[in-house]
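Asker: I'd like to ask some things about the structure below.
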Amino acid sequence: LDEAADEARGLHELSVSAAEPELRELAIEESGASVAALEERRAALLALLVPREEHEEGDAIIEVHAGVGGQEAGLFASDLLKMYAALARRRGWRFELLEQSHMDDRGTATREATASVSGGGAFAALNCESGVHRVQRVPATETQGRVHTSTVTVAVLPEAEEVDIQLNPDELEINVCRASGPGGQGVNTTDSAVQIQHKPTGMIVRCMDSRSQQKNKEQAMKVLRSRLLEIKIAEEHAKYAAERKAQVGTGERNERIRTYNFSQNRVTDHRIDLTLYNLPTFIEGEIEEVVSALLANDLKERLAALE
């Protein structure tokens, strides 16, 4: 880092003192690149000083729920689900749909859905998506061209392993039934859907995406462990909530974090006051600019807490 700083300082001095215009112009150009490299190294060094959370580099469970807005909210929930699947493809992650229920027979409007996202740093990158997403657009069913406002809630949980959360079989009530889905899907023909209730908390998890009852059971257990782990993490964070502003799985999910305005081609993340005018590509999974800005802001807040 010291060598990079000396190099940047020397190029700056040369850009000011060089007698030859060509040499001065070259020094200015290289000075800019040198300063950028120095800042990148400094940021990487600072990142190493921040304690990493236990599950930050692990996989994620993402849950999408239609909120206010009826059918339009369900349609946007489907859009967000596709957006995260596209982001996973771009990042080389594995995106696996675990459960999905619809508002219509065509399967276009999602009531709620759960998916597993596996790959390096999936939870760290997706965790910032937790919250209320607001969409402003003219629904396809709107005949007078009026803009409607709807909401979708996204929850991102760290995927828990068996060593993280031990489940007592006596505390579980497991039922199987015939899966339901739009369009007469094959899952309707067998009793493959699995529902698990965790008796101590009353938490219920359903999985029906696979035709295999055993696989649906494994997926449901995975989701249940992740939800219980989130509760455990939230309880631990509550012990030092005053020392850290951002918490996993707490009230921040009840806040509006982002607005998607289709008529203005605008995406605004309200947490960092960042607005982009690339909604079509954003909704197709190109959300890295916002994710990077949010992670940088999170790093800044963690460093401030350390100080």
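Ligands are numbered from 1 in the order shown, chains are lettered A, B, ... in the order of the structure tokens, and residues start at 1 in each chain.
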Let's see if you can do this: from backbone DSSP, list all strand (DSSP E or B) residues in segment 128-228 of chain A, as a PyMOL selection string.
Answerer: chain A and resi 131-137+148-158+172-177+193-198+203-207
Asker: Would you list the contacts of segment 189-206 of chain A as a ChimeraX atom specification, taking every protein, DNA or RNA residue within 10 Å and counting only C-alpha atoms, but skipping same-chain residues closer than 4 positions in sequence?
Answerer: /A:98-100,114,167-180,184-185,210-224,227-228
Asker: Skipping near chain neighbours, those fewer than 5 positions away, what residues fall within 9 Å of Thr259 of chain A using only C-alpha atoms, listed as a compact mmCIF listing (two decimals) with N, CA and C atoms, in the first residue's frame?
Answerer:
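This went into out_0.txt:
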# COMPACT_ATOMS: atom_id res chain seq x y z
N VAL A 132 -39.35 -4.17 1.41
CA VAL A 132 -40.54 -3.95 0.59
C VAL A 132 -40.14 -3.27 -0.72
N HIS A 133 -40.48 -3.90 -1.82
CA HIS A 133 -40.20 -3.37 -3.16
C HIS A 133 -41.50 -2.78 -3.71
N ARG A 134 -41.47 -1.52 -4.10
CA ARG A 134 -42.67 -0.85 -4.60
C ARG A 134 -42.58 -0.67 -6.11
N VAL A 135 -43.66 -1.00 -6.80
CA VAL A 135 -43.69 -0.85 -8.25
C VAL A 135 -44.79 0.14 -8.62
N GLN A 136 -44.49 1.02 -9.57
CA GLN A 136 -45.44 2.00 -10.10
C GLN A 136 -45.49 1.83 -11.61
N ARG A 266 -37.28 4.31 -14.22
CA ARG A 266 -36.46 4.68 -13.06
C ARG A 266 -36.49 3.60 -11.97
N VAL A 267 -35.31 3.34 -11.40
CA VAL A 267 -35.17 2.50 -10.22
C VAL A 267 -34.50 3.33 -9.14
N THR A 268 -35.13 3.45 -7.98
CA THR A 268 -34.56 4.25 -6.89
C THR A 268 -34.42 3.38 -5.66
N ASP A 269 -33.20 3.28 -5.14
CA ASP A 269 -32.98 2.60 -3.87
C ASP A 269 -32.95 3.66 -2.78
N HIS A 270 -33.93 3.62 -1.89
CA HIS A 270 -34.12 4.70 -0.93
C HIS A 270 -33.11 4.65 0.22
Asker: Find the residues near segment 79-83 of chain A: any atom within 9 Å, counting only C-alpha atoms, skip ones fewer than 2 places away on the same chain, and give them as number ranges by chain.
Answerer: A: 63-64, 74-77, 85-88, 110, 113, 115, 152, 154, 282-287
Asker: Write out as an MDAnalysis selection string the residues lying within 9 Å of segment 294-296 of chain A, counting only C-alpha atoms and excluding same-chain residues fewer than 2 positions away.
Answerer: chainID A and resid 124:125 128 271:272 289:292 298:301
Asker: Next, write the just-selected residues to a file, as a short mmCIF file (atom, residue, chain, number, x, y, z; two decimals), in the first residue's frame, keeping N, CA, C and O atoms as the atom set.
Answerer:
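Written output follows (out_23.cif):
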data_model
loop_
_atom_site.label_atom_id
_atom_site.label_comp_id
_atom_site.auth_asym_id
_atom_site.auth_seq_id
_atom_site.Cartn_x
_atom_site.Cartn_y
_atom_site.Cartn_z
N ALA A 124 -24.47 -12.82 1.01
CA ALA A 124 -23.95 -11.46 1.21
C ALA A 124 -24.50 -10.51 0.16
O ALA A 124 -24.85 -9.36 0.46
N ALA A 125 -24.58 -10.97 -1.09
CA ALA A 125 -25.05 -10.10 -2.17
C ALA A 125 -26.56 -9.91 -2.14
O ALA A 125 -27.07 -8.82 -2.39
N CYS A 128 -29.13 -7.70 0.87
CA CYS A 128 -29.57 -6.31 0.76
C CYS A 128 -30.90 -6.18 0.02
O CYS A 128 -31.47 -5.09 -0.07
N ARG A 271 -32.45 3.54 0.43
CA ARG A 271 -31.50 3.44 1.55
C ARG A 271 -30.24 4.24 1.29
O ARG A 271 -29.63 4.76 2.22
N ILE A 272 -29.83 4.32 0.03
CA ILE A 272 -28.61 5.05 -0.30
C ILE A 272 -28.89 6.20 -1.27
O ILE A 272 -27.95 6.81 -1.80
N GLU A 289 -24.85 -2.88 -10.05
CA GLU A 289 -24.46 -1.53 -9.64
C GLU A 289 -25.07 -1.16 -8.29
O GLU A 289 -24.41 -0.60 -7.42
N VAL A 290 -26.35 -1.49 -8.12
CA VAL A 290 -27.01 -1.20 -6.85
C VAL A 290 -26.48 -2.10 -5.74
O VAL A 290 -26.22 -1.64 -4.62
N VAL A 291 -26.28 -3.38 -6.03
CA VAL A 291 -25.76 -4.31 -5.03
C VAL A 291 -24.38 -3.86 -4.55
O VAL A 291 -24.11 -3.83 -3.35
N SER A 292 -23.51 -3.47 -5.49
CA SER A 292 -22.16 -3.02 -5.12
C SER A 292 -22.22 -1.77 -4.25
O SER A 292 -21.47 -1.64 -3.27
N ASP A 298 -22.65 -0.65 3.37
CA ASP A 298 -22.63 -1.52 4.54
C ASP A 298 -21.24 -1.58 5.15
O ASP A 298 -21.08 -1.54 6.37
N LEU A 299 -20.22 -1.67 4.28
CA LEU A 299 -18.84 -1.69 4.76
C LEU A 299 -18.50 -0.39 5.48
O LEU A 299 -17.87 -0.39 6.54
N LYS A 300 -18.95 0.73 4.93
CA LYS A 300 -18.71 2.04 5.54
C LYS A 300 -19.34 2.10 6.93
O LYS A 300 -18.72 2.60 7.89
N GLU A 301 -20.57 1.60 7.06
CA GLU A 301 -21.25 1.62 8.35
C GLU A 301 -20.56 0.70 9.36
O GLU A 301 -20.47 1.03 10.55
#
Asker: Env of Phe262 of chain A: 6 Å cut, atoms = only C-alpha atoms, seq-sep filter 2 positions within chain, self excluded. Answer as a ChimeraX atom specification.
Answerer: /A:137,264-265
Asker: Of the candidates A:Ala160, A:Ala304, A:Ala122, A:Ile62, which one gets nearest to Ser226 of chain A if we count only C-alpha atoms?
Answerer: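 Result for the nearest residue to Ser226 of chain A: A:Ala160.
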Asker: Based on DSSP run over this structure's backbone, return all residues of segment 47-280 of chain A in alpha helix (DSSP H), as an mmCIF file with C-alpha atoms, in the first residue's frame.
Answerer:
data_model
loop_
_atom_site.group_PDB
_atom_site.id
_atom_site.type_symbol
_atom_site.label_atom_id
_atom_site.label_comp_id
_atom_site.auth_asym_id
_atom_site.auth_seq_id
_atom_site.Cartn_x
_atom_site.Cartn_y
_atom_site.Cartn_z
ATOM 1 C CA ALA A 47 -12.690 -4.778 4.193
ATOM 2 C CA LEU A 48 -10.279 -7.250 5.826
ATOM 3 C CA LEU A 49 -10.522 -5.312 9.091
ATOM 4 C CA GLN A 71 -53.140 -9.221 -9.187
ATOM 5 C CA GLU A 72 -50.620 -6.530 -10.127
ATOM 6 C CA ALA A 73 -48.607 -7.281 -6.978
ATOM 7 C CA GLY A 74 -48.590 -10.951 -7.979
ATOM 8 C CA LEU A 75 -47.390 -10.112 -11.478
ATOM 9 C CA PHE A 76 -44.536 -8.027 -10.076
ATOM 10 C CA ALA A 77 -43.667 -10.796 -7.611
ATOM 11 C CA SER A 78 -43.195 -13.033 -10.658
ATOM 12 C CA ASP A 79 -41.011 -10.343 -12.253
ATOM 13 C CA LEU A 80 -38.784 -10.112 -9.174
ATOM 14 C CA LEU A 81 -38.464 -13.888 -9.006
ATOM 15 C CA LYS A 82 -37.282 -13.905 -12.630
ATOM 16 C CA MET A 83 -34.915 -11.019 -11.864
ATOM 17 C CA TYR A 84 -33.184 -12.979 -9.108
ATOM 18 C CA ALA A 85 -33.008 -16.084 -11.295
ATOM 19 C CA ALA A 86 -31.360 -13.986 -14.042
ATOM 20 C CA LEU A 87 -28.912 -12.479 -11.523
ATOM 21 C CA ALA A 88 -28.000 -15.999 -10.395
ATOM 22 C CA ARG A 89 -27.246 -17.005 -13.991
ATOM 23 C CA ARG A 90 -25.058 -13.924 -14.425
ATOM 24 C CA ARG A 91 -23.136 -14.713 -11.240
ATOM 25 C CA ALA A 122 -24.890 -15.464 -2.556
ATOM 26 C CA PHE A 123 -26.238 -14.495 0.853
ATOM 27 C CA ALA A 124 -23.951 -11.459 1.205
ATOM 28 C CA ALA A 125 -25.046 -10.102 -2.173
ATOM 29 C CA LEU A 126 -28.757 -10.922 -1.875
ATOM 30 C CA GLN A 213 -41.962 -36.569 -2.114
ATOM 31 C CA GLN A 214 -38.528 -37.202 -0.584
ATOM 32 C CA LYS A 215 -36.970 -34.223 -2.359
ATOM 33 C CA ASN A 216 -39.845 -31.972 -1.319
ATOM 34 C CA LYS A 217 -39.334 -33.107 2.272
ATOM 35 C CA GLU A 218 -35.603 -32.322 2.090
ATOM 36 C CA GLN A 219 -36.328 -28.892 0.623
ATOM 37 C CA ALA A 220 -38.953 -28.138 3.258
ATOM 38 C CA MET A 221 -36.523 -29.105 6.024
ATOM 39 C CA LYS A 222 -33.912 -26.827 4.447
ATOM 40 C CA VAL A 223 -36.306 -23.867 4.433
ATOM 41 C CA LEU A 224 -37.440 -24.577 8.001
ATOM 42 C CA ARG A 225 -33.861 -24.668 9.276
ATOM 43 C CA SER A 226 -33.100 -21.393 7.488
ATOM 44 C CA ARG A 227 -36.122 -19.651 8.998
ATOM 45 C CA LEU A 228 -35.224 -20.866 12.480
ATOM 46 C CA LEU A 229 -31.623 -19.778 11.953
ATOM 47 C CA GLU A 230 -32.829 -16.314 10.983
ATOM 48 C CA ILE A 231 -34.737 -16.078 14.260
ATOM 49 C CA LYS A 232 -31.625 -17.175 16.141
ATOM 50 C CA ILE A 233 -29.483 -14.563 14.362
ATOM 51 C CA ALA A 234 -32.053 -11.827 15.007
ATOM 52 C CA GLU A 235 -32.069 -12.671 18.721
ATOM 53 C CA GLU A 236 -28.272 -12.512 18.856
ATOM 54 C CA HIS A 237 -28.204 -9.188 17.014
ATOM 55 C CA ALA A 238 -30.810 -7.717 19.326
ATOM 56 C CA LEU A 279 -35.286 -0.288 -15.543
ATOM 57 C CA PRO A 280 -35.635 -2.759 -18.481
#
Asker: As an exercise, work out the distance from atom CA of Ala109 of chain A to atom CA of Ala66 of chain A in Å and give it to one decimal place.
Answerer: 8.8 Å
